>>> print(open('model-v1.cif').read())   # mmCIF, C-alpha atoms
data_start
loop_
_atom_site.group_PDB
_atom_site.id
_atom_site.type_symbol
_atom_site.label_atom_id
_atom_site.label_comp_id
_atom_site.auth_asym_id
_atom_site.auth_seq_id
_atom_site.Cartn_x
_atom_site.Cartn_y
_atom_site.Cartn_z
ATOM 1 C CA MET A 222 -280.322 141.241 -54.472
ATOM 2 C CA SER A 223 -282.697 138.801 -52.807
ATOM 3 C CA GLU A 224 -283.769 141.613 -50.464
ATOM 4 C CA LEU A 225 -284.848 143.571 -53.510
ATOM 5 C CA GLY A 226 -286.654 140.491 -54.813
ATOM 6 C CA LEU A 227 -288.511 140.062 -51.569
ATOM 7 C CA SER A 228 -289.748 143.612 -51.287
ATOM 8 C CA ASP A 229 -290.632 143.631 -54.978
ATOM 9 C CA LEU A 230 -292.843 140.609 -54.679
ATOM 10 C CA ALA A 231 -294.450 141.840 -51.470
ATOM 11 C CA ARG A 232 -295.300 145.123 -53.174
ATOM 12 C CA LEU A 233 -296.770 143.361 -56.196
ATOM 13 C CA LEU A 234 -298.861 141.037 -54.071
ATOM 14 C CA GLY A 235 -300.375 144.098 -52.453
ATOM 15 C CA CYS A 236 -301.514 145.467 -55.829
ATOM 16 C CA ASP A 237 -305.105 145.366 -56.819
ATOM 17 C CA GLU A 238 -305.358 142.318 -59.015
ATOM 18 C CA ALA A 239 -308.904 142.896 -60.188
ATOM 19 C CA SER A 240 -307.755 144.083 -63.593
ATOM 20 C CA VAL A 241 -305.295 142.253 -65.822
ATOM 21 C CA PHE A 242 -304.038 145.514 -67.324
ATOM 22 C CA SER A 243 -302.761 148.388 -65.208
ATOM 23 C CA ALA A 244 -303.226 151.052 -67.896
ATOM 24 C CA PRO A 245 -305.345 151.311 -71.051
ATOM 25 C CA TRP A 246 -302.242 151.370 -73.285
ATOM 26 C CA GLU A 247 -301.236 147.944 -71.984
ATOM 27 C CA ALA A 248 -304.588 146.501 -73.058
ATOM 28 C CA ARG A 249 -304.282 148.182 -76.445
ATOM 29 C CA ALA A 250 -300.735 146.899 -77.007
ATOM 30 C CA PHE A 251 -301.874 143.385 -76.109
ATOM 31 C CA ALA A 252 -304.840 143.613 -78.485
ATOM 32 C CA ILE A 253 -302.674 144.919 -81.353
ATOM 33 C CA ALA A 254 -300.189 142.071 -80.903
ATOM 34 C CA LEU A 255 -302.871 139.391 -80.725
ATOM 35 C CA GLY A 256 -304.881 141.003 -83.544
ATOM 36 C CA LEU A 257 -301.882 141.146 -85.907
ATOM 37 C CA SER A 258 -300.906 137.561 -85.132
ATOM 38 C CA GLN A 259 -304.481 136.364 -85.665
ATOM 39 C CA ALA A 260 -304.507 138.233 -88.975
ATOM 40 C CA GLY A 261 -301.451 136.184 -89.938
ATOM 41 C CA LEU A 262 -298.916 139.043 -90.061
ATOM 42 C CA PHE A 263 -296.647 137.146 -87.682
ATOM 43 C CA THR A 264 -297.003 134.139 -85.446
ATOM 44 C CA TRP A 265 -297.441 134.418 -81.704
ATOM 45 C CA ASP A 266 -294.350 132.243 -81.256
ATOM 46 C CA GLU A 267 -292.351 134.727 -83.302
ATOM 47 C CA PHE A 268 -293.594 137.509 -81.058
ATOM 48 C CA ARG A 269 -292.840 135.475 -77.935
ATOM 49 C CA GLU A 270 -289.231 134.940 -79.043
ATOM 50 C CA ARG A 271 -288.800 138.682 -79.274
ATOM 51 C CA LEU A 272 -290.541 139.216 -75.932
ATOM 52 C CA ILE A 273 -288.188 136.715 -74.303
ATOM 53 C CA GLU A 274 -285.250 138.737 -75.654
ATOM 54 C CA GLU A 275 -286.639 141.966 -74.219
ATOM 55 C CA VAL A 276 -287.442 140.404 -70.841
ATOM 56 C CA GLY A 277 -283.999 138.771 -70.764
ATOM 57 C CA ALA A 278 -282.221 142.045 -71.534
ATOM 58 C CA SER A 279 -284.092 143.745 -68.706
ATOM 59 C CA ASP A 280 -283.366 140.845 -66.310
ATOM 60 C CA ARG A 281 -279.650 141.024 -67.051
ATOM 61 C CA ILE A 282 -279.563 144.712 -66.175
ATOM 62 C CA ARG A 283 -281.406 144.022 -62.929
ATOM 63 C CA GLU A 284 -279.098 141.188 -62.020
ATOM 64 C CA ARG A 285 -276.106 143.419 -62.689
ATOM 65 C CA ASP A 286 -277.043 146.612 -60.902
ATOM 66 C CA GLY A 287 -280.484 146.113 -59.406
ATOM 67 C CA THR A 288 -282.081 148.852 -61.500
ATOM 68 C CA ASN A 289 -285.337 148.745 -63.339
ATOM 69 C CA ARG A 290 -284.206 150.872 -66.256
ATOM 70 C CA GLN A 291 -286.092 148.872 -68.898
ATOM 71 C CA GLY A 292 -289.377 149.250 -67.077
ATOM 72 C CA GLU A 293 -292.004 146.626 -66.348
ATOM 73 C CA TYR A 294 -293.523 143.827 -68.355
ATOM 74 C CA TYR A 295 -295.718 145.755 -70.769
ATOM 75 C CA GLU A 296 -292.834 148.059 -71.651
ATOM 76 C CA HIS A 297 -290.909 144.955 -72.716
ATOM 77 C CA PHE A 298 -294.036 143.812 -74.499
ATOM 78 C CA LEU A 299 -294.331 147.082 -76.420
ATOM 79 C CA ARG A 300 -290.658 147.070 -77.421
ATOM 80 C CA ALA A 301 -291.080 143.490 -78.674
ATOM 81 C CA LEU A 302 -294.194 144.467 -80.613
ATOM 82 C CA GLU A 303 -292.461 147.440 -82.241
ATOM 83 C CA ALA A 304 -289.503 145.214 -83.090
ATOM 84 C CA VAL A 305 -291.655 142.548 -84.757
ATOM 85 C CA VAL A 306 -293.749 145.126 -86.612
ATOM 86 C CA THR A 307 -290.679 146.898 -87.980
ATOM 87 C CA GLY A 308 -288.677 143.693 -88.439
ATOM 88 C CA ARG A 309 -291.459 142.235 -90.544
ATOM 89 C CA GLY A 310 -291.757 145.419 -92.582
ATOM 90 C CA ILE A 311 -295.362 145.924 -91.427
ATOM 91 C CA ALA A 312 -294.387 149.518 -90.636
ATOM 92 C CA THR A 313 -291.043 151.291 -90.454
ATOM 93 C CA ARG A 314 -289.446 152.996 -87.459
ATOM 94 C CA SER A 315 -289.597 156.329 -89.221
ATOM 95 C CA GLU A 316 -293.301 155.898 -89.919
ATOM 96 C CA LEU A 317 -293.830 155.210 -86.213
ATOM 97 C CA VAL A 318 -291.753 158.179 -85.119
ATOM 98 C CA ALA A 319 -293.527 160.425 -87.612
ATOM 99 C CA LYS A 320 -296.934 159.258 -86.418
ATOM 100 C CA ILE A 321 -296.037 159.907 -82.776
ATOM 101 C CA ALA A 322 -294.922 163.419 -83.702
ATOM 102 C CA GLU A 323 -298.080 163.988 -85.734
ATOM 103 C CA LEU A 324 -300.310 162.925 -82.830
ATOM 104 C CA GLN A 325 -298.353 164.599 -80.060
ATOM 105 C CA GLY A 326 -296.381 167.473 -81.491
ATOM 106 C CA PRO A 327 -292.581 167.504 -81.354
ATOM 107 C CA ALA A 328 -290.722 166.015 -78.395
ATOM 108 C CA ALA A 329 -289.918 168.177 -75.401
ATOM 109 C CA PRO A 330 -286.250 169.287 -75.273
ATOM 110 C CA ASP A 331 -285.366 166.458 -72.865
ATOM 111 C CA GLY A 332 -286.952 163.967 -75.221
ATOM 112 C CA HIS A 333 -289.496 162.737 -72.694
ATOM 113 C CA VAL A 334 -293.224 162.796 -73.123
ATOM 114 C CA HIS A 335 -295.345 161.289 -70.405
ATOM 115 C CA MET B 300 -284.903 161.844 -79.543
ATOM 116 C CA SER B 301 -283.194 160.319 -82.551
ATOM 117 C CA GLU B 302 -285.154 160.190 -85.742
ATOM 118 C CA HIS B 303 -285.514 156.409 -85.626
ATOM 119 C CA ASP B 304 -286.016 155.831 -81.954
ATOM 120 C CA THR B 305 -289.453 155.564 -80.400
ATOM 121 C CA SER B 306 -288.207 154.471 -76.978
ATOM 122 C CA GLU B 307 -287.929 157.916 -75.425
ATOM 123 C CA ARG B 308 -291.610 158.560 -75.861
ATOM 124 C CA GLY B 309 -294.138 157.505 -73.283
ATOM 125 C CA PRO B 310 -295.649 154.088 -73.998
ATOM 126 C CA ALA B 311 -299.202 155.391 -74.274
ATOM 127 C CA ALA B 312 -298.195 157.734 -77.101
ATOM 128 C CA ARG B 313 -296.276 154.964 -78.854
ATOM 129 C CA VAL B 314 -299.185 152.524 -78.690
ATOM 130 C CA LYS B 315 -301.626 155.150 -79.930
ATOM 131 C CA ALA B 316 -299.366 155.964 -82.866
ATOM 132 C CA LEU B 317 -298.831 152.293 -83.667
ATOM 133 C CA GLU B 318 -302.558 151.593 -83.649
ATOM 134 C CA GLN B 319 -303.380 154.572 -85.832
ATOM 135 C CA LEU B 320 -300.660 153.691 -88.325
ATOM 136 C CA LEU B 321 -301.892 150.101 -88.562
ATOM 137 C CA VAL B 322 -305.491 151.268 -88.940
ATOM 138 C CA GLU B 323 -304.447 153.559 -91.795
ATOM 139 C CA LYS B 324 -302.702 150.631 -93.445
ATOM 140 C CA GLY B 325 -305.876 148.595 -93.081
ATOM 141 C CA LEU B 326 -304.141 145.973 -90.921
ATOM 142 C CA VAL B 327 -306.129 146.319 -87.725
ATOM 143 C CA ASP B 328 -309.720 147.242 -87.039
ATOM 144 C CA PRO B 329 -310.299 149.259 -83.829
ATOM 145 C CA ALA B 330 -313.562 147.394 -83.205
ATOM 146 C CA ARG B 331 -311.681 144.096 -83.351
ATOM 147 C CA LEU B 332 -309.139 145.464 -80.843
ATOM 148 C CA ASP B 333 -311.983 146.517 -78.548
ATOM 149 C CA ALA B 334 -313.373 142.997 -78.756
ATOM 150 C CA ILE B 335 -310.010 141.441 -77.866
ATOM 151 C CA VAL B 336 -309.597 143.721 -74.850
ATOM 152 C CA ASP B 337 -313.126 142.991 -73.684
ATOM 153 C CA THR B 338 -312.579 139.253 -74.064
ATOM 154 C CA TYR B 339 -309.463 139.213 -71.911
ATOM 155 C CA GLU B 340 -310.671 141.808 -69.406
ATOM 156 C CA SER B 341 -314.026 140.281 -68.694
ATOM 157 C CA LYS B 342 -314.784 137.006 -70.482
ATOM 158 C CA VAL B 343 -311.767 134.707 -70.354
ATOM 159 C CA GLY B 344 -310.450 134.277 -66.854
ATOM 160 C CA PRO B 345 -309.839 131.973 -63.917
ATOM 161 C CA ARG B 346 -313.539 131.137 -63.528
ATOM 162 C CA ASN B 347 -312.996 128.788 -66.480
ATOM 163 C CA GLY B 348 -310.186 127.012 -64.666
ATOM 164 C CA ALA B 349 -312.287 126.865 -61.502
ATOM 165 C CA ARG B 350 -315.025 125.016 -63.432
ATOM 166 C CA VAL B 351 -312.426 122.517 -64.633
ATOM 167 C CA VAL B 352 -311.107 121.946 -61.100
ATOM 168 C CA ALA B 353 -314.606 121.600 -59.626
ATOM 169 C CA ARG B 354 -315.559 119.072 -62.292
ATOM 170 C CA ALA B 355 -312.390 117.101 -61.573
ATOM 171 C CA TRP B 356 -313.200 117.034 -57.853
ATOM 172 C CA ALA B 357 -316.790 115.965 -58.452
ATOM 173 C CA ASP B 358 -316.230 113.462 -61.244
ATOM 174 C CA ALA B 359 -313.416 110.930 -60.912
ATOM 175 C CA ALA B 360 -313.602 109.870 -64.552
ATOM 176 C CA PHE B 361 -313.242 113.473 -65.675
ATOM 177 C CA ARG B 362 -310.300 113.931 -63.303
ATOM 178 C CA LYS B 363 -308.565 110.997 -64.927
ATOM 179 C CA ARG B 364 -309.185 112.404 -68.399
ATOM 180 C CA LEU B 365 -307.955 115.841 -67.296
ATOM 181 C CA LEU B 366 -304.679 114.458 -65.971
ATOM 182 C CA ALA B 367 -304.217 112.358 -69.112
ATOM 183 C CA ASP B 368 -305.098 115.061 -71.665
ATOM 184 C CA ALA B 369 -306.003 118.472 -70.288
ATOM 185 C CA VAL B 370 -306.659 120.047 -73.701
ATOM 186 C CA ALA B 371 -309.305 117.443 -74.559
ATOM 187 C CA ALA B 372 -310.839 117.538 -71.072
ATOM 188 C CA CYS B 373 -311.163 121.351 -71.169
ATOM 189 C CA ALA B 374 -312.717 121.119 -74.622
ATOM 190 C CA GLU B 375 -315.449 118.928 -73.084
ATOM 191 C CA LEU B 376 -316.424 122.017 -71.059
ATOM 192 C CA GLY B 377 -316.198 124.244 -74.136
ATOM 193 C CA ILE B 378 -312.918 125.768 -72.974
ATOM 194 C CA ALA B 379 -310.330 126.373 -75.705
ATOM 195 C CA GLY B 380 -308.589 129.265 -77.436
ATOM 196 C CA PRO B 381 -305.264 130.991 -78.055
ATOM 197 C CA GLU B 382 -302.406 129.746 -75.853
ATOM 198 C CA GLY B 383 -304.586 126.837 -74.795
ATOM 199 C CA GLY B 384 -302.742 124.102 -76.653
ATOM 200 C CA HIS B 385 -300.112 122.082 -74.809
ATOM 201 C CA LEU B 386 -302.011 122.391 -71.536
ATOM 202 C CA VAL B 387 -301.025 119.955 -68.807
ATOM 203 C CA ALA B 388 -302.855 119.509 -65.495
ATOM 204 C CA ILE B 389 -300.700 118.672 -62.494
ATOM 205 C CA GLU B 390 -302.191 117.357 -59.315
ATOM 206 C CA ASN B 391 -301.409 118.392 -55.759
ATOM 207 C CA THR B 392 -301.413 115.641 -53.161
ATOM 208 C CA PRO B 393 -300.719 115.611 -49.415
ATOM 209 C CA ARG B 394 -297.067 114.910 -50.309
ATOM 210 C CA ILE B 395 -296.575 117.000 -53.452
ATOM 211 C CA HIS B 396 -297.217 120.688 -54.021
ATOM 212 C CA ASN B 397 -296.922 122.050 -57.555
ATOM 213 C CA LEU B 398 -295.900 125.605 -58.394
ATOM 214 C CA VAL B 399 -296.051 127.137 -61.892
ATOM 215 C CA VAL B 400 -293.790 129.873 -63.256
ATOM 216 C CA CYS B 401 -292.569 131.122 -66.621
ATOM 217 C CA THR B 402 -288.950 132.083 -66.022
ATOM 218 C CA LEU B 403 -288.350 133.524 -69.514
ATOM 219 C CA CYS B 404 -291.426 135.636 -70.078
ATOM 220 C CA SER B 405 -295.102 135.133 -69.333
ATOM 221 C CA CYS B 406 -296.352 131.829 -70.791
ATOM 222 C CA TYR B 407 -299.673 131.056 -69.156
ATOM 223 C CA PRO B 408 -302.776 129.018 -70.076
ATOM 224 C CA TRP B 409 -305.088 131.808 -71.229
ATOM 225 C CA PRO B 410 -308.274 129.792 -71.866
ATOM 226 C CA VAL B 411 -308.399 128.446 -68.300
ATOM 227 C CA LEU B 412 -306.803 131.306 -66.335
ATOM 228 C CA GLY B 413 -307.060 134.411 -68.537
ATOM 229 C CA LEU B 414 -304.018 136.688 -68.680
ATOM 230 C CA PRO B 415 -301.398 136.394 -65.945
ATOM 231 C CA PRO B 416 -301.390 138.698 -62.910
ATOM 232 C CA VAL B 417 -298.717 141.382 -62.523
ATOM 233 C CA TRP B 418 -296.642 139.438 -60.007
ATOM 234 C CA TYR B 419 -296.468 136.355 -62.269
ATOM 235 C CA LYS B 420 -294.600 138.435 -64.859
ATOM 236 C CA SER B 421 -292.364 140.158 -62.316
ATOM 237 C CA PHE B 422 -288.633 139.659 -62.102
ATOM 238 C CA ALA B 423 -289.011 138.826 -58.417
ATOM 239 C CA TYR B 424 -291.368 135.898 -59.002
ATOM 240 C CA ARG B 425 -289.692 134.606 -62.156
ATOM 241 C CA SER B 426 -286.259 134.650 -60.571
ATOM 242 C CA ARG B 427 -287.187 133.250 -57.170
ATOM 243 C CA ALA B 428 -289.864 130.629 -57.883
ATOM 244 C CA VAL B 429 -287.199 128.182 -59.020
ATOM 245 C CA SER B 430 -284.411 129.078 -56.584
ATOM 246 C CA ASP B 431 -286.541 129.518 -53.467
ATOM 247 C CA PRO B 432 -290.040 128.108 -53.978
ATOM 248 C CA ARG B 433 -290.613 127.564 -50.256
ATOM 249 C CA GLY B 434 -289.750 131.191 -49.539
ATOM 250 C CA VAL B 435 -292.019 132.409 -52.317
ATOM 251 C CA LEU B 436 -294.892 130.281 -51.034
ATOM 252 C CA ARG B 437 -294.361 131.654 -47.536
ATOM 253 C CA GLU B 438 -294.747 135.186 -48.919
ATOM 254 C CA PHE B 439 -298.044 134.099 -50.433
ATOM 255 C CA GLY B 440 -299.072 132.834 -47.001
ATOM 256 C CA VAL B 441 -298.629 129.135 -47.748
ATOM 257 C CA GLU B 442 -296.632 127.211 -45.161
ATOM 258 C CA LEU B 443 -295.864 123.670 -46.227
ATOM 259 C CA ALA B 444 -294.613 120.923 -43.932
ATOM 260 C CA ASP B 445 -290.954 120.043 -44.454
ATOM 261 C CA ASP B 446 -291.815 116.642 -45.876
ATOM 262 C CA VAL B 447 -293.993 118.075 -48.645
ATOM 263 C CA GLU B 448 -292.120 118.028 -51.922
ATOM 264 C CA ILE B 449 -292.425 121.191 -54.017
ATOM 265 C CA ARG B 450 -292.335 120.688 -57.769
ATOM 266 C CA VAL B 451 -291.724 123.793 -59.837
ATOM 267 C CA TRP B 452 -292.959 123.759 -63.444
ATOM 268 C CA ASP B 453 -291.390 126.197 -65.866
ATOM 269 C CA SER B 454 -293.883 127.070 -68.604
ATOM 270 C CA SER B 455 -292.838 127.422 -72.206
ATOM 271 C CA ALA B 456 -294.214 127.746 -75.700
ATOM 272 C CA GLU B 457 -294.533 123.951 -75.709
ATOM 273 C CA GLN B 458 -296.078 123.404 -72.289
ATOM 274 C CA ARG B 459 -298.545 125.295 -70.060
ATOM 275 C CA TYR B 460 -299.770 124.155 -66.688
ATOM 276 C CA ILE B 461 -302.812 124.300 -64.489
ATOM 277 C CA VAL B 462 -302.529 123.027 -60.935
ATOM 278 C CA LEU B 463 -305.315 120.771 -59.724
ATOM 279 C CA PRO B 464 -305.416 121.751 -56.039
ATOM 280 C CA GLU B 465 -306.423 119.375 -53.272
ATOM 281 C CA ARG B 466 -310.121 119.355 -52.518
ATOM 282 C CA PRO B 467 -310.532 120.715 -49.002
ATOM 283 C CA VAL B 468 -312.000 118.593 -46.247
ATOM 284 C CA GLY B 469 -315.545 119.577 -45.357
ATOM 285 C CA THR B 470 -316.755 120.123 -48.915
ATOM 286 C CA GLU B 471 -318.225 116.653 -49.440
ATOM 287 C CA LYS B 472 -321.792 117.912 -49.674
ATOM 288 C CA MET B 473 -321.090 120.774 -52.042
ATOM 289 C CA ASN B 474 -322.126 120.660 -55.676
ATOM 290 C CA GLU B 475 -319.879 121.528 -58.605
ATOM 291 C CA GLU B 476 -320.999 125.129 -58.782
ATOM 292 C CA GLN B 477 -320.354 125.685 -55.100
ATOM 293 C CA LEU B 478 -316.979 123.982 -55.378
ATOM 294 C CA ALA B 479 -315.969 126.209 -58.291
ATOM 295 C CA GLU B 480 -316.641 129.251 -56.101
ATOM 296 C CA LEU B 481 -313.895 128.096 -53.727
ATOM 297 C CA VAL B 482 -311.196 127.773 -56.381
ATOM 298 C CA SER B 483 -308.995 130.839 -56.677
ATOM 299 C CA ARG B 484 -306.742 131.763 -59.562
ATOM 300 C CA ASP B 485 -303.742 131.605 -57.239
ATOM 301 C CA SER B 486 -304.552 128.030 -56.237
ATOM 302 C CA MET B 487 -304.381 127.002 -59.905
ATOM 303 C CA ILE B 488 -300.927 128.600 -60.256
ATOM 304 C CA GLY B 489 -299.894 126.840 -57.072
ATOM 305 C CA VAL B 490 -299.293 129.835 -54.819
ATOM 306 C CA ALA B 491 -302.388 129.220 -52.677
ATOM 307 C CA LYS B 492 -304.356 126.335 -51.245
ATOM 308 C CA VAL B 493 -308.101 125.967 -51.481
ATOM 309 C CA THR B 494 -309.880 126.200 -48.155
ATOM 310 C CA ALA B 495 -313.387 125.183 -47.179
ATOM 311 C CA PRO B 496 -315.789 128.067 -46.501
ATOM 312 C CA GLY B 497 -315.607 129.455 -42.997
ATOM 313 C CA LYS B 498 -312.124 128.118 -42.440
ATOM 314 C CA SER B 499 -309.086 130.306 -42.535
ATOM 315 C CA ARG B 500 -305.906 128.801 -43.839
#
>>> encode(input="model-v1.cif", output="structure tokens")
Amino acid sequence: MSELGLSDLARLLGCDEASVFSAPWEARAFAIALGLSQAGLFTWDEFRERLIEEVGASDRIRERDGTNRQGEYYEHFLRALEAVVTGRGIATRSELVAKIAELQGPAAPDGHVH
Amino acid sequence: MSEHDTSERGPAARVKALEQLLVEKGLVDPARLDAIVDTYESKVGPRNGARVVARAWADAAFRKRLLADAVAACAELGIAGPEGGHLVAIENTPRIHNLVVCTLCSCYPWPVLGLPPVWYKSFAYRSRAVSDPRGVLREFGVELADDVEIRVWDSSAEQRYIVLPERPVGTEKMNEEQLAELVSRDSMIGVAKVTAPGKSR
């Protein structure tokens, strides 16, 4: 457990830290969340509560079996954003799913699109 | 993929769909999103915090105001913004070293430090900063004497922290601008020390 922690941190410290986002979608997700909260559609604290839940769920899985199944920080962030958006009725899950399909075509048979 | 589950799609596709849907609903403006990204990628960042630290080193009265009310002191330098309320400055001394973490998520003082680095949000850092701060600092290359007390500050919605590092010896003749150049982001989180130019740590 702590061995995993050590190598994890060492790896992260070696990353290039010049950019605060490691992919364009992370920046976009951040901007959508901040933009919606600044427009008054939800408060940042409300979003943070949801983010804490997502991070906590991922941490519990890691503590249990050492896996990283829930992904890294911005994947938690995106799940929290989707949850607040749908929870607040800003958009529905089915609207989101339909829009993904519209933009990307139907899912591959294994359900994964990367 | 179930009809109501977005999670099996790649995140880039999900974000793109979310943005487009919100644009169609008139709830977000892509130009506004561009501006937010640009702000946090290139305008708001640890250079702001470095100016605050340099001012505190150069001006004892400012240092006192910073430690008493960091929000007001930063505002004197025109530094404010989202996630900037509840800011507290904590001072390193020869006997006390401060280390900042957010164990629950990623709370961080955006106006002075920008957005947090990848490692700050990692499970490894969040889980070990409290349980083994000395070990974490060693991994960052900071060896502290046994008699130095390490204080770990867990950030929250109510409280954010900036570490005021110790001013290195040999910088007495430097002006504020030169001092600010020495101050790294990591030193303001507490995982590095500030060193005088030409000296390795």
>>> resolve_selection(input="model-v1.cif", expression="the PyMOL selection byres ((chain B) within 7 of (chain A))", output="PyMOL selection string")
chain B and resi 300+302-305+307-309+311-314+316-317+320+327+332+335-336+340+403-404+414+416-418+420+422-424
>>> resolve_selection(input="model-v1.cif", expression="the PyMOL selection byres ((chain B and resi 352) around 12)", output="number ranges by chain")
B: 345-351, 353-359, 361-363, 365-366, 369, 372-373, 376, 388-391, 411-412, 461-466, 475-484, 486-487, 493
>>> atom_distance(input="model-v1.cif", atom1="atom CA of Pro408 of chain B", atom2="atom CA of Ala330 of chain B")
25.0 Å
>>> residues_around(input="model-v1.cif", residues="Cys406 of chain B", least_positions_apart="6", cutoff="9 Å", atoms="all atoms listed in the file", output="PyMOL selection string")
(chain A and resi 269) or (chain B and resi 382+400+415+453-456+458-459)
>>> atom_distance(input="model-v1.cif", atom1="atom CA of Gly413 of chain B", atom2="atom CA of Val343 of chain B")
5.1 Å
>>> atom_distance(input="model-v1.cif", atom1="atom CA of Ser258 of chain A", atom2="atom CA of Ala278 of chain A")
23.5 Å
>>> axis_aligned_box(input="model-v1.cif", around="segment 413-431 of chain B", padding_each_side="5 Å", output="AutoDock Vina command-line options")
--center_x -295.7 --center_y 134.8 --center_z -61.1 --size_x 32.6 --size_y 23.2 --size_z 25.2
